[in-house]
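Engineer: One structure follows; several queries about it will come next.
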Amino acid sequence: MRYLVSVIDDKSDPGSTDRQPAISAFNERLIAEGHWVFAGGLADTDTATVIDNRGEQAVFSDGPFVESKEYLAGVWVWEAPDLDVALKLAAEASKVCDRKIEVRPFL
Amino acid sequence: MNDVDVQEAITRTHHEEWGRVVASLTRRFGDLDIAEEAAAEAFAAAVERWPADGVPPNPGGWLTTTARRKAIDRIRRENKRDDKHKEAQAVYDDDPPGPVGAIDDDRLRLIFTCCHPALAVQARVALTLRLVAGLTVPEIARAFLARETTLEQRITRAKAKIKAARIPYRMPSAEDLPARLSGVLAVLYLVFNEGYLATGPGTDPIRHDLTAEAIRLTRLIRALLPDDGEVAGLLALMLLTEARRTARVSAGGELVPLAEQDRGAWDAALIAEGHRLVRERLAAAAAGAAPGRYQILAAINAVHTSARDIRDTDWSQILALYDRLVGLDPSPIIALNRAIAVAELDGPDVALAAVDRLEDKLADYHAYHATRADLLRRLGRSRQSRAAYDKAIELAGNTAETAHLTRRRDQLG
């Protein structure tokens, strides 16, 4: 079972910026235990572009599809046998990243 | 066997077997929807057939077999046996029994799944009442004054999440058990309290159906986890509270405070059972087991139910228990209840000072204003007492409590 694990940051109350060594160590563990599928941090939401090509021609617009105080700062994709395993890892991930984490199953 | 007997047998079997049938089918088919529907069909078959054929010698076995057949029929009919379904089933069945051993039971798995922390609290309550206790959707909707469609959606959404996010159908690991069990007990306590002090103008002040259901489920958990102190504590707390039920509301539909209740109307058997459980936990505490909040609350209720009348109450013992509780649970509601014991020992003025300190946390809580009103009344500060009663009446949701507060207010000089 695969889960999308989103790291959520808050513009008005950002998590600490010194987490990279801890995140790297956590990633090593995810790999060793067979949970790691993918991971990546994201550039600032200001760098996002939205494309809508449902009409006659493609419309490009600057910025994220939804402006909000909370935003997606990074993602993991994990392999886990069930939600309990994913939630346990997510609880650790939240500590490691010093940020909120959302766990959502893939279909 | 006449029709009435058969009807009673069906009702009793429904109470005793519903959760077991749903649990064993969920285990077998790995799908709550299939389990719930097949169980409902099996009970419908019982209603249809038992009056003519007689009640089978093993009603639970009959229902499980019938439900299993209905489930297989349904799976065939809907051609659900695709690879994906088999895969899900393999995962559910893969669970090795062992580390949890003796406390493994399908019904416990079901309860832990229904009360999973990834589900919203309201969904946990609704799922537990539907799948474990067997209440119908209209019954649950009535109990919580929710629209049936809202409730149906809540249950459907929760079941869909369990399936899509793969919330496991198993006992939590030994390491997670205390936290997960406390989540289950919180759901049961919520059900009990909604029955004990029902909210809303259109409902009975006490919903015996809900208190009874909460007690039944807690008894079940007690039977499955007999060594857990908090399970025993919660059961004792519920029994000692339920024991006072008939004395708690007057013939005129008004809430009767503890001090004025006819103690002869308390249920002696429930009190005896509750006291036995509290004694069991006291012995465990003496042997070094630190009691949790339900055990302490039960002990407080044991002190109340041991007193022949309100003057006979051992308030210093109650205060000592509240002090322990405050150490475990710094909630302002505990502090408010502690102040009521303080009033008996140190006087209403000391208690009022303690209550007033809780204002910013409890300003929207009816019991805060009701407690203040009572303390102010005892201090002869009628004008302030009246204002506090007004506020309490405005916030109270229970019809019997509103009636009681109104009378008290109108008696002020």
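Every chain in the structure tokens takes a letter, A first, then B, and so on in the order presented; its residues are numbered from 1, and the ligands are numbered from 1 following the presented order.
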Using only C-alpha atoms, determine which residues of chain B fall within 6 Å of chain A; present them as a list in words.

Structural biologist: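 Selected residues: Ala165, Arg166 and Ile167 of chain B.
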
Engineer: Would you kindly return, as a list in words, each protein, DNA or RNA residue with an atom no farther than 12 Å from any atom of Thr13 in chain B, considering only C-alpha atoms and excluding same-chain residues fewer than 3 positions away?

Structural biologist: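 The residues that qualify are Asp5, Val6, Gln7, Glu8, Ala9, Ile10, Glu16, Glu17, Trp18, Gly19, Arg20, Val21, Ala42, Phe43, Ala46, Val47, Trp50, Val55, Pro56, Pro57, Asn58, Pro59, Gly60, Gly61, Trp62, Leu63, Thr64, Ala133 and Gly134 of chain B.
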
Engineer: Let me see the file: selected residues, C-alpha atoms, as a compact mmCIF listing (two decimals), in the first residue's frame.

Structural biologist:
# COMPACT_ATOMS: atom_id res chain seq x y z
CA ASP B 5 -40.97 -15.55 23.33
CA VAL B 6 -39.58 -15.75 19.81
CA GLN B 7 -39.53 -11.96 19.60
CA GLU B 8 -37.68 -11.81 22.90
CA ALA B 9 -35.23 -14.45 21.75
CA ILE B 10 -34.53 -12.47 18.59
CA GLU B 16 -25.63 -10.73 22.27
CA GLU B 17 -24.62 -11.76 18.79
CA TRP B 18 -24.72 -8.77 16.44
CA GLY B 19 -21.19 -7.54 17.18
CA ARG B 20 -19.81 -11.06 17.10
CA VAL B 21 -21.39 -11.81 13.70
CA ALA B 42 -29.18 -12.74 8.59
CA PHE B 43 -31.15 -11.06 11.37
CA ALA B 46 -34.24 -14.84 11.68
CA VAL B 47 -37.22 -12.51 12.09
CA TRP B 50 -37.78 -18.30 13.66
CA VAL B 55 -35.44 -20.61 17.62
CA PRO B 56 -32.42 -22.75 16.66
CA PRO B 57 -30.51 -24.42 19.52
CA ASN B 58 -27.43 -22.31 18.78
CA PRO B 59 -28.83 -18.94 17.61
CA GLY B 60 -25.40 -17.32 17.29
CA GLY B 61 -24.10 -20.17 15.14
CA TRP B 62 -27.23 -20.08 12.98
CA LEU B 63 -26.81 -16.34 12.41
CA THR B 64 -23.10 -16.57 11.63
CA ALA B 133 -23.65 -2.53 19.25
CA GLY B 134 -26.01 -3.08 16.33

Engineer: Got a sec: who's within 10 Å of range 25-27 of chain A, counting only C-alpha atoms, leaving out chain neighbours fewer than 3 positions off, as a PDB file with C-alpha atoms, in the first residue's frame?

Structural biologist:
ATOM      1  CA  GLN A  20      18.145  18.553   7.052  1.00  0.00           C
ATOM      2  CA  PRO A  21      20.626  16.285   8.900  1.00  0.00           C
ATOM      3  CA  ALA A  22      17.802  14.690  10.899  1.00  0.00           C
ATOM      4  CA  LEU A  30      13.019   4.553   5.617  1.00  0.00           C
ATOM      5  CA  ILE A  31      15.221   3.032   2.911  1.00  0.00           C
ATOM      6  CA  ALA A  32      16.672   0.393   5.241  1.00  0.00           C
ATOM      7  CA  GLU A  33      13.205  -0.641   6.449  1.00  0.00           C
ATOM      8  CA  HIS A  35       9.305   2.123   3.253  1.00  0.00           C
ATOM      9  CA  TRP A  36      11.057   4.639   1.026  1.00  0.00           C
ATOM     10  CA  PHE A  38      10.343   8.762  -3.165  1.00  0.00           C
ATOM     11  CA  ALA A  39      11.112  11.973  -1.325  1.00  0.00           C
ATOM     12  CA  TRP A  76       7.342  11.518   0.492  1.00  0.00           C
ATOM     13  CA  LEU A  89       6.274   6.771  10.761  1.00  0.00           C
ATOM     14  CA  GLU A  92       8.266  10.463  13.742  1.00  0.00           C
ATOM     15  CA  ALA A  93       8.453  12.449  10.510  1.00  0.00           C
ATOM     16  CA  VAL A  96      12.062  15.108  12.474  1.00  0.00           C
ATOM     17  CA  CYS A  97      10.804  17.861  10.127  1.00  0.00           C
TER      18      CYS A  97
END

Engineer: Based on DSSP run over this structure's backbone, return all residues of chain A in strand (DSSP E or B), as a ChimeraX atom specification.

Structural biologist: /A:2-10,36-41,49-52,59-62,70-79,100-105

Engineer: Using DSSP on the backbone, list every residue of range 11-150 of chain B that comes out as helix (DSSP H, G or I), and give them as a ChimeraX atom specification.

Structural biologist: /B:11-29,32-53,59-77,83-93,101-103,106-114,121-132,137-143,148-150

Engineer: What is the distance between CA of His369 in chain B and CA of Tyr389 in chain B, in Å to one decimal?

Structural biologist: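 That distance, rounded to one decimal, is 6.6 Å.
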
Engineer: Fewer than 5 positions away in the same chain doesn't count, so skip those; otherwise give me all residues within 12 Å of range 63-69 of chain A, counting only C-alpha atoms, as a ChimeraX atom specification.

Structural biologist: /A:8-14,43-52

Engineer: Could the residues in this selection be written to a file with N, CA and C atoms, as an mmCIF file, in the first residue's frame?

Structural biologist:
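result21.cif written:
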data_model
loop_
_atom_site.group_PDB
_atom_site.id
_atom_site.type_symbol
_atom_site.label_atom_id
_atom_site.label_comp_id
_atom_site.auth_asym_id
_atom_site.auth_seq_id
_atom_site.Cartn_x
_atom_site.Cartn_y
_atom_site.Cartn_z
ATOM 1 N N ILE A 8 3.714 19.817 5.717
ATOM 2 C CA ILE A 8 2.964 21.069 5.644
ATOM 3 C C ILE A 8 3.662 22.121 6.492
ATOM 4 N N ASP A 9 3.975 23.229 5.849
ATOM 5 C CA ASP A 9 4.577 24.326 6.600
ATOM 6 C C ASP A 9 3.575 25.475 6.697
ATOM 7 N N ASP A 10 3.896 26.417 7.559
ATOM 8 C CA ASP A 10 2.975 27.516 7.821
ATOM 9 C C ASP A 10 3.753 28.822 7.661
ATOM 10 N N LYS A 11 3.295 29.676 6.731
ATOM 11 C CA LYS A 11 4.041 30.906 6.436
ATOM 12 C C LYS A 11 4.155 31.819 7.649
ATOM 13 N N SER A 12 3.094 31.815 8.479
ATOM 14 C CA SER A 12 3.134 32.740 9.612
ATOM 15 C C SER A 12 3.855 32.127 10.819
ATOM 16 N N ASP A 13 4.085 30.801 10.765
ATOM 17 C CA ASP A 13 4.750 30.153 11.905
ATOM 18 C C ASP A 13 5.599 28.993 11.382
ATOM 19 N N PRO A 14 6.656 29.325 10.598
ATOM 20 C CA PRO A 14 7.413 28.267 9.923
ATOM 21 C C PRO A 14 8.180 27.375 10.895
ATOM 22 N N ALA A 43 10.416 23.784 -3.806
ATOM 23 C CA ALA A 43 10.762 25.208 -3.776
ATOM 24 C C ALA A 43 9.539 26.003 -3.311
ATOM 25 N N ASP A 44 9.748 27.246 -2.992
ATOM 26 C CA ASP A 44 8.699 28.107 -2.471
ATOM 27 C C ASP A 44 7.454 28.125 -3.375
ATOM 28 N N THR A 45 6.291 28.314 -2.774
ATOM 29 C CA THR A 45 5.049 28.320 -3.573
ATOM 30 C C THR A 45 5.055 29.427 -4.631
ATOM 31 N N ASP A 46 5.829 30.493 -4.401
ATOM 32 C CA ASP A 46 5.940 31.583 -5.382
ATOM 33 C C ASP A 46 6.470 31.090 -6.721
ATOM 34 N N THR A 47 7.185 29.970 -6.710
ATOM 35 C CA THR A 47 7.801 29.472 -7.944
ATOM 36 C C THR A 47 6.844 28.585 -8.744
ATOM 37 N N ALA A 48 5.627 28.378 -8.230
ATOM 38 C CA ALA A 48 4.684 27.476 -8.908
ATOM 39 C C ALA A 48 4.007 28.173 -10.091
ATOM 40 N N THR A 49 3.637 27.372 -11.076
ATOM 41 C CA THR A 49 2.867 27.875 -12.219
ATOM 42 C C THR A 49 1.686 26.935 -12.430
ATOM 43 N N VAL A 50 0.516 27.504 -12.653
ATOM 44 C CA VAL A 50 -0.658 26.677 -12.899
ATOM 45 C C VAL A 50 -1.009 26.748 -14.381
ATOM 46 N N ILE A 51 -1.269 25.602 -14.971
ATOM 47 C CA ILE A 51 -1.613 25.535 -16.399
ATOM 48 C C ILE A 51 -3.026 24.999 -16.534
ATOM 49 N N ASP A 52 -3.863 25.705 -17.284
ATOM 50 C CA ASP A 52 -5.228 25.225 -17.528
ATOM 51 C C ASP A 52 -5.430 25.134 -19.034
#

Engineer: Can you list, as a count of residues only, every protein, DNA or RNA residue that comes within 9 Å of Asn301 in chain B when you count only C-alpha atoms, leaving out same-chain residues fewer than 5 positions away?

Structural biologist: 7

Engineer: Could you jot down the CA of Ser316 in chain B to CA of Val303 in chain B separation for me, Å, one decimal place?

Structural biologist: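 It comes out at 10.3 Å.
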
Engineer: Skipping near chain neighbours, those fewer than 2 positions away, what residues fall within 9 Å of Tyr169 in chain B using only C-alpha atoms, listed as a list in words?

Structural biologist: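 With the cut-off at 9 Å, the set is Thr26, Arg27, Gly30, Tyr92, Asp95, Asp106, Arg109, Leu110, Phe112, Thr113, Arg166, Ile167 and Met171 of chain B.
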
Engineer: Need the shell around Ala268 in chain B: protein/DNA/RNA residues with any atom at most 8 Å away, counting only C-alpha atoms. Skip same-chain ones fewer than 3 positions apart. Format as a PyMOL selection string?

Structural biologist: chain B and resi 243+271-272

Engineer: Hey, can you spit out that residue selection with C-alpha atoms as an mmCIF file, in the first residue's frame?

Structural biologist:
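Generated file (out.cif):
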data_model
loop_
_atom_site.group_PDB
_atom_site.id
_atom_site.type_symbol
_atom_site.label_atom_id
_atom_site.label_comp_id
_atom_site.auth_asym_id
_atom_site.auth_seq_id
_atom_site.Cartn_x
_atom_site.Cartn_y
_atom_site.Cartn_z
ATOM 1 C CA ALA B 243 -27.447 3.190 39.850
ATOM 2 C CA ILE B 271 -23.909 -0.149 43.506
ATOM 3 C CA ALA B 272 -22.688 -3.457 44.939
#

Engineer: Tell me, in Å to one decimal, how far CA of Thr156 in chain B is from CA of Ala179 in chain B.

Structural biologist: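 These two atoms are separated by 25.8 Å.
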
Engineer: Between B:Thr149, B:Gln317, B:Thr128, B:Ser182, single out the one closest to Glu213 in chain B, counting only C-alpha atoms.

Structural biologist: B:Thr128

Engineer: I'd like to know which of B:Asp349, B:Val121, B:His404, B:Asn398 is closest to Ala198 in chain B, using only C-alpha atoms.

Structural biologist: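 Comparing B:Asp349, B:Val121, B:His404, B:Asn398 against Ala198 in chain B, the winner is B:Asn398.
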